[in-house]
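For reference, query_33.tsv (TSV, C-alpha atoms and all ligand atoms):
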```tsv
chain	number	residue	atom	x	y	z
A	149	MET	CA	-12.12	-16.84	24.34
A	150	SER	CA	-14.85	-16.02	21.87
A	151	GLU	CA	-12.88	-13.27	20.16
A	152	LYS	CA	-11.77	-14.17	16.67
A	153	SER	CA	-8.12	-14.94	16.08
A	154	VAL	CA	-6.00	-12.99	13.62
A	155	VAL	CA	-6.02	-15.96	11.23
A	156	GLU	CA	-9.82	-16.24	11.44
A	157	ARG	CA	-10.08	-12.55	10.58
A	158	LEU	CA	-7.60	-12.97	7.70
A	159	ARG	CA	-9.70	-15.81	6.25
A	160	GLU	CA	-12.86	-13.76	6.65
A	161	ILE	CA	-11.32	-10.80	4.78
A	162	GLU	CA	-10.05	-13.16	2.05
A	163	GLY	CA	-13.58	-14.46	1.65
A	164	ARG	CA	-15.02	-10.95	1.41
A	165	VAL	CA	-12.36	-10.01	-1.16
A	166	GLU	CA	-13.28	-13.03	-3.28
A	167	THR	CA	-17.00	-12.23	-3.07
A	168	ALA	CA	-16.43	-8.57	-3.98
A	169	LEU	CA	-14.29	-9.56	-6.98
A	170	ARG	CA	-16.87	-12.08	-8.24
A	171	ARG	CA	-19.62	-9.47	-7.89
A	172	ALA	CA	-17.52	-7.10	-9.98
A	173	SER	CA	-17.06	-9.89	-12.57
A	174	ARG	CA	-13.35	-9.91	-11.87
A	175	SER	CA	-11.22	-13.01	-11.56
A	176	THR	CA	-10.03	-13.67	-8.03
A	177	ASP	CA	-6.34	-13.29	-8.88
A	178	THR	CA	-6.69	-9.65	-9.98
A	179	ALA	CA	-6.29	-8.09	-6.54
A	180	THR	CA	-3.69	-8.41	-3.80
A	181	LEU	CA	-4.61	-8.21	-0.13
A	182	VAL	CA	-1.81	-6.26	1.56
A	183	ALA	CA	-1.94	-7.03	5.29
A	184	VAL	CA	-0.90	-3.80	7.03
A	185	SER	CA	1.23	-4.83	10.00
A	186	LYS	CA	2.43	-1.39	11.16
A	187	THR	CA	2.70	-1.09	14.96
A	188	PHE	CA	2.31	-4.86	15.40
A	189	PRO	CA	5.27	-6.88	16.68
A	190	ALA	CA	7.02	-9.64	14.75
A	191	GLN	CA	5.30	-12.41	16.71
A	192	ASP	CA	1.86	-11.19	15.57
A	193	ILE	CA	3.10	-11.00	11.98
A	194	GLU	CA	4.54	-14.53	12.17
A	195	VAL	CA	1.09	-15.95	12.86
A	196	VAL	CA	-0.10	-14.52	9.54
A	197	LEU	CA	3.05	-15.68	7.73
A	198	ALA	CA	2.61	-19.18	9.14
A	199	ALA	CA	-0.96	-19.14	7.79
A	200	GLY	CA	0.56	-18.70	4.33
A	201	HIS	CA	-0.01	-15.00	3.72
A	202	ARG	CA	2.88	-13.18	2.02
A	203	ALA	CA	1.94	-9.56	1.14
A	204	PHE	CA	2.42	-7.07	3.99
A	205	GLY	CA	2.43	-3.30	4.34
A	206	GLU	CA	4.40	-1.02	6.67
A	207	ASN	CA	4.28	2.77	6.84
A	208	ARG	CA	7.68	3.53	8.37
A	209	VAL	CA	11.03	2.50	6.95
A	210	GLN	CA	12.73	2.39	10.34
A	211	GLU	CA	10.05	0.27	12.01
A	212	ALA	CA	10.08	-2.14	9.07
A	213	GLN	CA	13.88	-2.45	9.28
A	214	GLY	CA	13.50	-3.63	12.85
A	215	LYS	CA	11.03	-6.40	11.99
A	216	TRP	CA	11.32	-7.56	8.41
A	217	PRO	CA	14.92	-8.60	7.59
A	218	ALA	CA	14.62	-11.54	10.03
A	219	LEU	CA	11.09	-12.41	8.93
A	220	LYS	CA	12.11	-12.32	5.26
A	221	GLN	CA	14.89	-14.78	6.05
A	222	ARG	CA	12.53	-17.21	7.74
A	223	TYR	CA	9.68	-17.05	5.24
A	224	ALA	CA	10.31	-17.26	1.51
A	225	GLY	CA	8.29	-15.21	-0.94
A	226	VAL	CA	7.44	-12.24	1.27
A	227	GLU	CA	6.28	-9.17	-0.67
A	228	LEU	CA	6.78	-6.04	1.42
A	229	HIS	CA	4.92	-2.81	0.61
A	230	LEU	CA	5.87	0.67	1.82
A	231	ILE	CA	2.57	2.53	2.23
A	232	GLY	CA	3.74	5.51	4.30
A	233	PRO	CA	5.62	8.66	3.35
A	234	LEU	CA	9.21	8.29	2.22
A	235	GLN	CA	11.98	10.78	2.94
A	236	SER	CA	14.62	11.11	0.28
A	237	ASN	CA	17.44	10.31	2.76
A	238	LYS	CA	15.72	6.94	3.40
A	239	ALA	CA	15.38	6.05	-0.28
A	240	GLY	CA	18.34	3.65	-0.22
A	241	GLU	CA	17.04	1.78	2.80
A	242	ALA	CA	13.56	1.66	1.27
A	243	VAL	CA	14.84	0.25	-2.03
A	244	ALA	CA	16.86	-2.38	-0.15
A	245	LEU	CA	13.92	-3.61	1.95
A	246	PHE	CA	10.66	-3.00	0.09
A	247	ASP	CA	9.37	-4.79	-3.00
A	248	VAL	CA	6.68	-2.20	-3.69
A	249	ILE	CA	6.64	1.54	-2.85
A	250	HIS	CA	3.18	3.16	-2.92
A	251	THR	CA	4.09	6.71	-1.98
A	252	VAL	CA	6.09	8.38	-4.76
A	253	ASP	CA	4.74	11.93	-4.71
A	254	ARG	CA	7.44	14.53	-5.40
A	255	THR	CA	10.51	15.30	-7.45
A	256	ARG	CA	13.02	14.70	-4.65
A	257	ILE	CA	11.64	11.22	-3.99
A	258	ALA	CA	11.47	10.30	-7.66
A	259	ALA	CA	15.07	11.45	-8.18
A	260	ALA	CA	16.32	9.71	-5.02
A	261	LEU	CA	14.61	6.44	-5.98
A	262	ALA	CA	15.99	6.61	-9.51
A	263	GLY	CA	19.50	7.07	-8.08
A	264	GLU	CA	19.15	4.17	-5.66
A	265	ILE	CA	17.71	1.89	-8.35
A	266	ARG	CA	20.68	2.63	-10.61
A	267	ARG	CA	23.13	2.12	-7.75
A	268	SER	CA	21.65	-1.09	-6.34
A	269	GLY	CA	20.20	-2.79	-9.37
A	270	LEU	CA	17.10	-3.45	-7.27
A	271	VAL	CA	13.87	-2.37	-8.91
A	272	PRO	CA	10.93	-1.91	-6.55
A	273	ARG	CA	7.47	-1.68	-8.11
A	274	LEU	CA	6.31	1.93	-7.85
A	275	PHE	CA	2.98	3.71	-7.29
A	276	VAL	CA	2.40	7.46	-7.33
A	277	GLN	CA	0.33	8.69	-4.40
A	278	VAL	CA	-2.46	11.11	-5.38
A	279	ASN	CA	-4.05	13.38	-2.78
A	280	THR	CA	-7.51	12.98	-4.30
A	281	GLY	CA	-9.16	15.05	-1.58
A	282	ALA	CA	-6.55	17.85	-1.81
A	283	GLU	CA	-6.14	17.67	1.97
A	284	PRO	CA	-3.36	20.01	3.15
A	285	GLN	CA	-2.10	17.59	5.83
A	286	LYS	CA	-1.97	14.60	3.50
A	287	ALA	CA	0.84	13.43	1.25
A	288	GLY	CA	0.40	12.89	-2.47
A	289	VAL	CA	0.44	14.89	-5.66
A	290	LEU	CA	-2.68	16.96	-6.34
A	291	PRO	CA	-5.03	15.46	-8.96
A	292	GLU	CA	-4.47	18.39	-11.34
A	293	ASN	CA	-0.70	17.86	-11.16
A	294	ALA	CA	-0.80	14.06	-11.48
A	295	ASP	CA	-0.38	13.78	-15.27
A	296	ALA	CA	2.64	16.09	-15.26
A	297	PHE	CA	4.24	14.31	-12.31
A	298	ILE	CA	3.72	10.88	-13.88
A	299	ALA	CA	5.36	12.17	-17.08
A	300	GLU	CA	8.24	13.60	-15.05
A	301	CYS	CA	8.78	10.27	-13.25
A	302	ARG	CA	8.93	8.48	-16.58
A	303	ASN	CA	10.75	10.97	-18.78
A	304	THR	CA	13.08	12.80	-16.41
A	305	HIS	CA	13.81	10.07	-13.86
A	306	GLY	CA	13.36	6.98	-16.04
A	307	LEU	CA	11.09	5.29	-13.51
A	308	VAL	CA	8.76	2.48	-14.51
A	309	LEU	CA	5.45	3.07	-12.74
A	310	GLU	CA	2.92	0.37	-11.93
A	311	GLY	CA	0.02	2.47	-10.70
A	312	LEU	CA	-1.52	5.04	-8.40
A	313	MET	CA	-2.42	5.08	-4.72
A	314	CYS	CA	-4.87	7.17	-2.70
A	315	ILE	CA	-6.24	7.57	0.82
A	316	PRO	CA	-9.65	9.26	0.61
A	317	PRO	CA	-10.52	11.88	3.24
A	318	ALA	CA	-11.89	10.19	6.37
A	319	ASP	CA	-15.19	12.08	6.19
A	320	ASP	CA	-15.95	11.67	2.48
A	321	PRO	CA	-17.72	8.79	0.76
A	322	PRO	CA	-14.70	6.98	-0.73
A	323	SER	CA	-16.11	5.88	-4.09
A	324	PRO	CA	-15.73	9.22	-5.96
A	325	HIS	CA	-12.07	9.25	-4.88
A	326	PHE	CA	-11.57	5.68	-6.11
A	327	ALA	CA	-13.26	6.56	-9.42
A	328	LEU	CA	-11.04	9.64	-9.85
A	329	LEU	CA	-7.90	7.61	-9.18
A	330	GLY	CA	-9.04	5.07	-11.78
A	331	GLU	CA	-9.57	7.81	-14.36
A	332	ILE	CA	-6.12	9.31	-13.82
A	333	ALA	CA	-4.57	5.83	-14.07
A	334	ARG	CA	-6.41	4.95	-17.27
A	335	ARG	CA	-5.48	8.12	-19.13
A	336	ASN	CA	-1.84	7.56	-18.15
A	337	GLY	CA	-1.75	3.90	-19.12
A	338	LEU	CA	-1.27	2.65	-15.56
A	339	THR	CA	-2.82	-0.65	-14.49
A	340	GLY	CA	-2.20	-0.69	-10.73
A	341	LEU	CA	-4.67	0.89	-8.28
A	342	SER	CA	-3.70	0.85	-4.60
A	343	MET	CA	-6.93	1.82	-2.89
A	344	GLY	CA	-9.24	0.50	-0.19
A	345	MET	CA	-8.63	-0.10	3.51
A	346	SER	CA	-10.46	-1.99	6.29
A	347	GLY	CA	-13.58	0.16	6.05
A	348	ASP	CA	-13.95	0.51	2.30
A	349	PHE	CA	-12.08	-2.24	0.43
A	350	GLU	CA	-15.22	-3.72	-1.11
A	351	ALA	CA	-16.13	-0.37	-2.74
A	352	ALA	CA	-12.52	-0.07	-3.92
A	353	LEU	CA	-12.56	-3.56	-5.47
A	354	HIS	CA	-15.81	-2.67	-7.24
A	355	LEU	CA	-14.00	0.32	-8.79
A	356	GLY	CA	-10.98	-1.66	-9.95
A	357	SER	CA	-8.56	-1.74	-7.02
A	358	THR	CA	-5.61	-4.09	-7.56
A	359	HIS	CA	-4.08	-3.61	-4.09
A	360	ILE	CA	-6.17	-3.21	-0.96
A	361	ARG	CA	-4.34	-2.23	2.23
A	362	VAL	CA	-6.08	-3.80	5.22
A	363	GLY	CA	-4.73	-3.43	8.75
A	364	SER	CA	-7.13	-3.27	11.66
A	365	ALA	CA	-9.67	-5.69	10.15
A	366	ILE	CA	-6.94	-8.37	10.28
A	367	PHE	CA	-4.61	-7.46	13.15
A	368	GLY	CA	-7.10	-5.66	15.39
A	369	SER	CA	-7.17	-2.03	16.42
A	370	ARG	CA	-3.91	-0.18	16.80
A	371	PRO	CA	-2.95	1.86	19.87
A	372	SER	CA	-4.61	5.28	19.58
A	373	ALA	CA	-1.22	7.03	19.73
A	374	THR	CA	-0.63	5.79	16.19
A	375	PRO	CA	-0.81	8.60	13.63
A	376	ALA	CA	-3.76	8.30	11.32
A	377	ALA	CA	-3.22	6.66	7.97
A	378	GLY	CA	-1.38	8.61	5.35
A	379	GLN	CA	0.19	11.45	7.27
B	401	LIG	C1	-2.63	2.17	8.28
B	401	LIG	C2	-2.87	2.26	6.84
B	401	LIG	C3	-3.77	1.39	6.20
B	401	LIG	C4	-4.60	0.35	6.93
B	401	LIG	O1	-5.64	0.97	7.58
B	401	LIG	P1	-6.81	0.10	8.27
B	401	LIG	O2	-7.94	1.06	8.40
B	401	LIG	O3	-6.28	-0.36	9.58
B	401	LIG	O4	-7.13	-1.01	7.38
B	401	LIG	C5	-3.92	1.51	4.83
B	401	LIG	N1	-3.22	2.42	4.12
B	401	LIG	C6	-2.35	3.26	4.68
B	401	LIG	C7	-1.60	4.23	3.84
B	401	LIG	C8	-2.14	3.22	6.06
B	401	LIG	O5	-1.26	4.06	6.63
```
Take the structure in this file and express it as structure tokens.
Ligand SMILES: *Cc1c(COP(=O)(O)O)cnc(C)c1O
Amino acid sequence: MSEKSVVERLREIEGRVETALRRASRSTDTATLVAVSKTFPAQDIEVVLAAGHRAFGENRVQEAQGKWPALKQRYAGVELHLIGPLQSNKAGEAVALFDVIHTVDRTRIAAALAGEIRRSGLVPRLFVQVNTGAEPQKAGVLPENADAFIAECRNTHGLVLEGLMCIPPADDPPSPHFALLGEIARRNGLTGLSMGMSGDFEAALHLGSTHIRVGSAIFGSRPSATPAAGQ
């Protein structure tokens, strides 16, 4: 078989991440490659775990619950990222399973997470999702409401935020969206930027991304029945 293996693709992406960071005069430990394993079965994920990778992303709480408790038991140091929309009735399950939640975007979620954090004593790292393209079908707070929502998360709900996340519109050049996210983060004193996917992570790293979310470039293409990113 001449097709590249998942581990070969992982190494290739790691190399491209390192090159992009050096070109941006950034040290190579300033960005995390989140391997997005949604739709892929546990045996595919194990290959990447066995290769030493530890940061993974899933977009559905229920799917992740089916795969990750066993994998987390077998491999120490896993860092699991929720990158898909969260419903408030799943907040408890999300807090129990995920180390990082990228999709805080409304009052109900902020309040539910605050309650679950108090109850459980578990403190996931949190990102606010911003709908930089103001797309009606996409999750995330609108850019003009971001400052107020960030203040609400902090002051009303007592949440500690790490950063912001965005998914640029599929048909737009991504860099203006990455730059806008960076601006909103800077003026709110946030250091984390979750931006960049398989097709645009190098541009995102150039504009300061700290967490790139790369799925298909590592695991291969997903079945076409899969909803597009960021529904
Ligand atoms: C699926 C998904 C990704 C990964 O997309 P690829 O194009 O496969 O790299 C990144 N972010 C989010 C929010 C996603 O849902």
Padding 8 Å on every side, please: axis-aligned box over the listed atoms of ligand LIG 401 (chain B), centre and edge lengths to one decimal in Å, as JSON.
```
{"center_x": -4.6, "center_y": 1.6, "center_z": 6.7, "size_x": 22.7, "size_y": 21.2, "size_z": 21.7}
```
Just to confirm, what's the straight-line distance from CA of Ala260 in chain A to CA of Asp247 in chain A in Å (one decimal)? 16.2 Å
Please check which protein, DNA or RNA residues sit within 9 Å of ligand LIG 401 (chain B), counting all atoms listed in the file, and write them as number ranges by chain. A: 182-186, 205-207, 230-233, 250-251, 313-315, 342-349, 360-370, 374-379
Would you list the contacts of Val226 in chain A as a compact mmCIF listing (two decimals) with C-alpha atoms, in the frame of the given file, taking every protein, DNA or RNA residue within 8 Å and counting all atoms listed in the file, but skipping same-chain residues closer than 5 positions in sequence?
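The result, written out as out02.txt:
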```
# COMPACT_ATOMS: atom_id res chain seq x y z
CA ARG A 202 2.88 -13.18 2.02
CA ALA A 203 1.94 -9.56 1.14
CA PHE A 204 2.42 -7.07 3.99
CA LYS A 220 12.11 -12.32 5.26
```
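For the residues A:Gly225, A:Thr255, A:Val196, A:Ala333, ranking by smallest atom-to-atom distance to Arg157 in chain A using all atoms listed in the file places A:Val196 first.
CA of Arg273 in chain A lies 24.2 Å from CA of Glu194 in chain A.
Between CA of Phe326 in chain A and CA of Thr187 in chain A the interatomic distance comes to 26.3 Å.
Residue nearest Ala224 in chain A within the list A:Leu312, A:Arg174, A:Glu292, A:Gly200: A:Gly200 [criterion: smallest interatomic distance, all atoms listed in the file].
Among A:Leu158, A:Leu338, A:Leu329, A:Ile249, the residue with the shortest atom-to-atom distance to Leu197 in chain A, counting all atoms listed in the file, is A:Leu158.
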Considering only C-alpha atoms, return as a ChimeraX atom specification whatever protein or nucleic-acid residues lie within 9 Å of Ala179 in chain A, sequence-local ones (same chain, fewer than 5 positions apart) excluded. /A:165,169,353,356-360
Please produce a file of those selected residues containing C-alpha atoms, as an mmCIF file, keeping the file's coordinate frame.
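Here's the written file result-v3.cif:
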```cif
data_model
loop_
_atom_site.group_PDB
_atom_site.id
_atom_site.type_symbol
_atom_site.label_atom_id
_atom_site.label_comp_id
_atom_site.auth_asym_id
_atom_site.auth_seq_id
_atom_site.Cartn_x
_atom_site.Cartn_y
_atom_site.Cartn_z
ATOM 1 C CA VAL A 165 -12.360 -10.010 -1.160
ATOM 2 C CA LEU A 169 -14.290 -9.560 -6.980
ATOM 3 C CA LEU A 353 -12.560 -3.560 -5.470
ATOM 4 C CA GLY A 356 -10.980 -1.660 -9.950
ATOM 5 C CA SER A 357 -8.560 -1.740 -7.020
ATOM 6 C CA THR A 358 -5.610 -4.090 -7.560
ATOM 7 C CA HIS A 359 -4.080 -3.610 -4.090
ATOM 8 C CA ILE A 360 -6.170 -3.210 -0.960
#
```
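Of the residues listed (A:Glu283, A:Asp253, A:Glu300, A:Glu350), A:Glu283 shows the shortest atom-to-atom separation from Asp319 in chain A; distances use all atoms listed in the file.
If only C-alpha atoms are the atoms counted, then among A:Ala282, A:Ala199, A:Leu309, A:Ile298 the closest residue to His325 in chain A is A:Ala282.
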Residue contacts of Ser268 in chain A (10 Å, all atoms listed in the file) excluding same-chain residues fewer than 5 positions away, as a PyMOL selection string: chain A and resi 240+243-244+263
Residue subset to file, keeping C-alpha atoms, as a compact mmCIF listing (two decimals), keeping the file's coordinate frame:
```txt
# COMPACT_ATOMS: atom_id res chain seq x y z
CA GLY A 240 18.34 3.65 -0.22
CA VAL A 243 14.84 0.25 -2.03
CA ALA A 244 16.86 -2.38 -0.15
CA GLY A 263 19.50 7.07 -8.08
```
Which neighbours of Ala242 in chain A fall inside 10 Å, counting all atoms listed in the file, when residues of the same chain fewer than 5 positions from it are skipped, and could you give them as JSON, numbers by chain? {"A": [208, 209, 210, 212, 213, 229, 230, 234, 235, 236, 237, 247, 248, 249, 261, 264, 272]}
N, CA and C atoms modelled onto range 346-371 of chain A, as a PDB file, in the coordinates of the input:
```
ATOM      1  N   SER A 346      -9.533  -1.124   5.560  1.00  0.00           N
ATOM      2  CA  SER A 346     -10.460  -1.990   6.290  1.00  0.00           C
ATOM      3  C   SER A 346     -11.920  -1.601   6.092  1.00  0.00           C
ATOM      4  N   GLY A 347     -12.199  -0.288   6.069  1.00  0.00           N
ATOM      5  CA  GLY A 347     -13.580   0.160   6.050  1.00  0.00           C
ATOM      6  C   GLY A 347     -14.201   0.285   4.669  1.00  0.00           C
ATOM      7  N   ASP A 348     -13.387   0.203   3.629  1.00  0.00           N
ATOM      8  CA  ASP A 348     -13.950   0.510   2.300  1.00  0.00           C
ATOM      9  C   ASP A 348     -13.364  -0.338   1.164  1.00  0.00           C
ATOM     10  N   PHE A 349     -12.769  -1.488   1.502  1.00  0.00           N
ATOM     11  CA  PHE A 349     -12.080  -2.240   0.430  1.00  0.00           C
ATOM     12  C   PHE A 349     -13.047  -2.839  -0.580  1.00  0.00           C
ATOM     13  N   GLU A 350     -14.284  -3.132  -0.153  1.00  0.00           N
ATOM     14  CA  GLU A 350     -15.220  -3.720  -1.110  1.00  0.00           C
ATOM     15  C   GLU A 350     -15.603  -2.696  -2.190  1.00  0.00           C
ATOM     16  N   ALA A 351     -15.839  -1.435  -1.768  1.00  0.00           N
ATOM     17  CA  ALA A 351     -16.130  -0.370  -2.740  1.00  0.00           C
ATOM     18  C   ALA A 351     -14.932  -0.178  -3.663  1.00  0.00           C
ATOM     19  N   ALA A 352     -13.724  -0.249  -3.111  1.00  0.00           N
ATOM     20  CA  ALA A 352     -12.520  -0.070  -3.920  1.00  0.00           C
ATOM     21  C   ALA A 352     -12.380  -1.194  -4.946  1.00  0.00           C
ATOM     22  N   LEU A 353     -12.662  -2.423  -4.541  1.00  0.00           N
ATOM     23  CA  LEU A 353     -12.560  -3.560  -5.470  1.00  0.00           C
ATOM     24  C   LEU A 353     -13.600  -3.408  -6.585  1.00  0.00           C
ATOM     25  N   HIS A 354     -14.771  -2.900  -6.236  1.00  0.00           N
ATOM     26  CA  HIS A 354     -15.810  -2.670  -7.240  1.00  0.00           C
ATOM     27  C   HIS A 354     -15.316  -1.682  -8.294  1.00  0.00           C
ATOM     28  N   LEU A 355     -14.481  -0.721  -7.876  1.00  0.00           N
ATOM     29  CA  LEU A 355     -14.000   0.320  -8.790  1.00  0.00           C
ATOM     30  C   LEU A 355     -12.595   0.010  -9.325  1.00  0.00           C
ATOM     31  N   GLY A 356     -12.172  -1.247  -9.231  1.00  0.00           N
ATOM     32  CA  GLY A 356     -10.980  -1.660  -9.950  1.00  0.00           C
ATOM     33  C   GLY A 356      -9.700  -1.760  -9.140  1.00  0.00           C
ATOM     34  N   SER A 357      -9.785  -1.652  -7.818  1.00  0.00           N
ATOM     35  CA  SER A 357      -8.560  -1.740  -7.020  1.00  0.00           C
ATOM     36  C   SER A 357      -7.787  -3.024  -7.300  1.00  0.00           C
ATOM     37  N   THR A 358      -6.468  -2.905  -7.420  1.00  0.00           N
ATOM     38  CA  THR A 358      -5.610  -4.090  -7.560  1.00  0.00           C
ATOM     39  C   THR A 358      -4.856  -4.397  -6.283  1.00  0.00           C
ATOM     40  N   HIS A 359      -4.785  -3.420  -5.353  1.00  0.00           N
ATOM     41  CA  HIS A 359      -4.080  -3.610  -4.090  1.00  0.00           C
ATOM     42  C   HIS A 359      -4.882  -2.953  -2.967  1.00  0.00           C
ATOM     43  N   ILE A 360      -5.484  -3.774  -2.114  1.00  0.00           N
ATOM     44  CA  ILE A 360      -6.170  -3.210  -0.960  1.00  0.00           C
ATOM     45  C   ILE A 360      -5.242  -3.328   0.245  1.00  0.00           C
ATOM     46  N   ARG A 361      -5.260  -2.311   1.089  1.00  0.00           N
ATOM     47  CA  ARG A 361      -4.340  -2.230   2.230  1.00  0.00           C
ATOM     48  C   ARG A 361      -5.168  -2.345   3.510  1.00  0.00           C
ATOM     49  N   VAL A 362      -5.162  -3.530   4.106  1.00  0.00           N
ATOM     50  CA  VAL A 362      -6.080  -3.800   5.220  1.00  0.00           C
ATOM     51  C   VAL A 362      -5.286  -4.108   6.482  1.00  0.00           C
ATOM     52  N   GLY A 363      -5.455  -3.256   7.496  1.00  0.00           N
ATOM     53  CA  GLY A 363      -4.730  -3.430   8.750  1.00  0.00           C
ATOM     54  C   GLY A 363      -5.618  -3.904   9.874  1.00  0.00           C
ATOM     55  N   SER A 364      -6.393  -2.982  10.431  1.00  0.00           N
ATOM     56  CA  SER A 364      -7.130  -3.270  11.660  1.00  0.00           C
ATOM     57  C   SER A 364      -8.128  -4.420  11.499  1.00  0.00           C
ATOM     58  N   ALA A 365      -8.701  -4.598  10.322  1.00  0.00           N
ATOM     59  CA  ALA A 365      -9.670  -5.690  10.150  1.00  0.00           C
ATOM     60  C   ALA A 365      -9.001  -7.055  10.256  1.00  0.00           C
ATOM     61  N   ILE A 366      -7.674  -7.104  10.129  1.00  0.00           N
ATOM     62  CA  ILE A 366      -6.940  -8.370  10.280  1.00  0.00           C
ATOM     63  C   ILE A 366      -6.253  -8.429  11.647  1.00  0.00           C
ATOM     64  N   PHE A 367      -5.446  -7.408  11.945  1.00  0.00           N
ATOM     65  CA  PHE A 367      -4.610  -7.460  13.150  1.00  0.00           C
ATOM     66  C   PHE A 367      -5.294  -6.943  14.400  1.00  0.00           C
ATOM     67  N   GLY A 368      -6.443  -6.284  14.251  1.00  0.00           N
ATOM     68  CA  GLY A 368      -7.100  -5.660  15.390  1.00  0.00           C
ATOM     69  C   GLY A 368      -6.752  -4.189  15.457  1.00  0.00           C
ATOM     70  N   SER A 369      -7.373  -3.485  16.396  1.00  0.00           N
ATOM     71  CA  SER A 369      -7.170  -2.030  16.420  1.00  0.00           C
ATOM     72  C   SER A 369      -5.788  -1.704  16.947  1.00  0.00           C
ATOM     73  N   ARG A 370      -5.240  -0.618  16.387  1.00  0.00           N
ATOM     74  CA  ARG A 370      -3.910  -0.180  16.800  1.00  0.00           C
ATOM     75  C   ARG A 370      -4.027   0.760  17.989  1.00  0.00           C
ATOM     76  N   PRO A 371      -2.940   0.910  18.774  1.00  0.00           N
ATOM     77  CA  PRO A 371      -2.950   1.860  19.870  1.00  0.00           C
ATOM     78  C   PRO A 371      -3.318   3.240  19.338  1.00  0.00           C
TER      79      PRO A 371
END
```
